[in-house]
Each structure stands twice: as structure tokens, then as C-alpha cells.
Amino acid sequence: MSRVIELLKQNSQLSGWRVNETATKSYELFFVHKNLETVRDTDTVTTGVTVYVDHDGKKGESSFELSAAMGEAEIQKKIDAAVQRARLVFNEPYELPDGGVLDKNLPSNIWDADPQALGREIADAVFAADTVPGGSINACEIFLYKDTVRVRNSRGVDKTQRIGRVMIEAIPTFTKGTESVELYEDYRFTEFDAAKVTAEIARRMAEVRDRFQAKKPQTPMEISVLLRPMEIRNLLWELADDLNYSAVYSHGNLHKTGDDLQENGTGDKLTVTLKAQVPGSEKSSWFDTDGASFRETRVIENGVVGSYYGSSRFGQYLKIQEPTGNLPCLKAEAGSMTKADMKAKPYLECASLSGIQVDLFNDYIGGEIRLAYYFDGEKTVPVTGISMSGKLSDVLKALRLSSETVIEGAYEGPALLLMPGMKVL
């Protein structure tokens, strides 16, 4: 970083520059069944450079990556080539974030832990869930990371943050006779809790067994569909993405401030806040890639669009006095309905989707359901091989949110969301 910055400062053609560097130390465990096959230590640094050139009343930019093996002449060649590319870009003028020196850690109990000891504890917590008859964990990979992220720019920004995080990749499998079903589990956190890890893997072990036993129900049907946190987060992010400064500036947004997304509907009102940090989330951060500090923003309040959010550049284009930065985490307020009340009448609870599909402009919400739990009013059975669809506007008007909340990944909010009257085929 120091070498490239000296070369950038010497280049008179530049109007500005930014250097992003991420140094990652990892300790990695690779299991086949319960046998530890490989242990790996890594220590890597990635350095990205963005140069800015003011020309013809516009601002051009271009980015490239460096490796530590590059000599001064090669770095200079990269800078010169980036300058020429930047002259072909005609963005409206804007200023890079200025000033600001920061050096902070993000909350985590991973950073100071001994990786070997912690790796063993995590593995024990994972395999403690391998108790389902007929089930097994065919493969498991555990990655312990310590990241140091630094951003510097030509206007005095010099910000550093550190975070310890863990990623577990596991393949829960259920076998009966000569047939098997597998699921993929990707579980990430910054705060290790053995009981939570075991509970998460145990849930997936039960789901892979249920996936094996699942049958296609009688269709078509019209029924209330329950979404779990990952799909709730994805739905709410689709609504939030429409309110990003860049979408507003390019006139690519459907909604504007003051719009009632739920059209005075009869369901629970959405209140959504974008945040810099959620406890336990690896996406938590003190600043964005530009080095701009975050400003927490309530983008939806009681179903009404309250604010836009986004990067410093597009905030300037919209004449925003204090841009929020590209906030990475989301919090939704709790609803008025308990999970027990949601499950008192027939429902379909989605456990595994190919990915929820949301199209604001075509007023559509749906998805392919790989595993769900169908309650017909008397019994609950696992089902598969179906898809759901509905009008997004109808869903927003009538949705219900659970009063119970959870924290999962970069999401904090209701544990369940109920969408009444969904069509299932």
C-alpha cells in the first residue's frame, strides 16, 4: 500500500485515488465424514487501486489489483494504463469522501481465540448434531478468518477495521437403502456459541431427512405461505434496493419518499432500518468501500418510504447533505402475530427455496419450493416439487409479521412472515 501510494502521489495526471487493502489470516479444517483430512493455514493480502481523472468537465475512474510480487516499474505501468482507461469514462463530477482517520475492531469473540483450539470446539459442536438415524455429515469444512480491512484515499481518509469470523460449509446427508439426499449448509458468524452451532446443524439434519420423505401435495391450492428469516431479508432488501441513491438518480426506482408501499392495507406495517452492524454478522462494518462512515437510516416507516440511502457519489448527485453510505445490515420491527397464531390455520412454511423471486415492476413474488412443511389443519407433513406465486402488492397489503424476532446473518427482525392467499402449483 505504501509503495503504490507514493507512485500515485507522483502522478500529475490524477485528480484523486483510493486504495483498498484486505489482509486475511485463515485457519481451515477439512473433514470427510468425521475424519479430519486436511488442515491449512493461509495468510493473504489483496490490494485494489482506483484512480480518478478529471477531464472535459467530467470525472473518469478505473480500477486494478496489485500483488506483492510486482515491482515498481510494473505498478507504474498499471497506473498509467488505468489513467488512460479513466479518460474514456464520463461520469458527472463528484468529490471523494474527505478526512477521517479510524482504527477499530468489530465485535467478535473469534479474533483473540487460539485458532487450533477454537477449530476443535467448532468441529465438536457441528458433529454433536449428527444424531439423526440414517443421517450423516458427509463433508464439513470450517474456516476461521481474521480480516484487517483498510481504506486510504487522496483526501486524507485512512480507516482500518478488524473482524474475526467463521464460515462452516457442511453437507448433511440422509440415506435409505440405495437412495440418498443431500443439502448444502453455509453458516457464518462472528460470535461463537457452541449450542447455536449444534442447533443450526441439527435443524439442517432434520430437514435433509424430511426432504428425503417429502412428497408433492395435491395442487393447485391457495394457502398462507410462511417465510423464514433468509427469505424475509431478501424480500426486504428488494424493497430497499429500489430506494438506493443510484436507482433514484438513474430514474430506475419504482417508489419515492412518501409512497405508501402497503397502500393502507390490513396487515402489519413494515418498518425497516438499514444499519452498519448487526450482532454476530460478518457484514457488519464501520465504513464502506469508499471509506465513508455509515449513517443509520430508516428507509420504510409504517409502510411508507421514509428515506433513500447509498454511496457518497450518488448522494452528492442528489444533493444529499450527509449521504448514508452503502449500509450492509437490515433491521425490521416486530409484528403483532405470534408464531403459534400463524400456525393455527392451514399454512405452507418454506424451509428451502431456490431463491425468492421479487419483481417490483411486474408486481410479482414467487419461487420454487424445494422443501416446505404443509399443515392441512390436522397434521404437518414435508412437501416438495412445488412453486408459489402471487401479486406483490397484495402480499404487502396483507402480510403479517411475527412478534418473535431473531438475528440471522445481516438480518434482525421477525422470525416469520405470513403471506396470505398465495397460489401453489
# chains A, B, ... in the order shown; residues from 1 in each chain; ligands from 1
call {"tool": "residues_around", "arguments": {"residues": "Lys397 of chain A", "least_positions_apart": "2", "cutoff": "6 Å", "atoms": "only C-alpha atoms", "output": "MDAnalysis selection string"}}
result
chainID A and resid 262 265 267 394:395
call {"tool": "residues_around", "arguments": {"residues": "segment 84-101 of chain A", "least_positions_apart": "2", "cutoff": "6 Å", "atoms": "only C-alpha atoms", "output": "JSON, numbers by chain"}}
result
{"A": [58, 59, 60, 61, 62, 81, 82, 155, 156, 157, 158, 159, 292]}
call {"tool": "select_by_dssp", "arguments": {"residues": "segment 71-292 of chain A", "states": "helix (DSSP H, G or I)", "output": "number ranges by chain"}}
result
A: 72-86, 115-127, 194-213, 229-241, 245-249
call {"tool": "closest_residue", "arguments": {"among": "A:Arg211, A:Arg18, A:Lys25, A:Arg152", "to": "Val49 of chain A", "atoms": "only C-alpha atoms"}}
result
A:Arg18
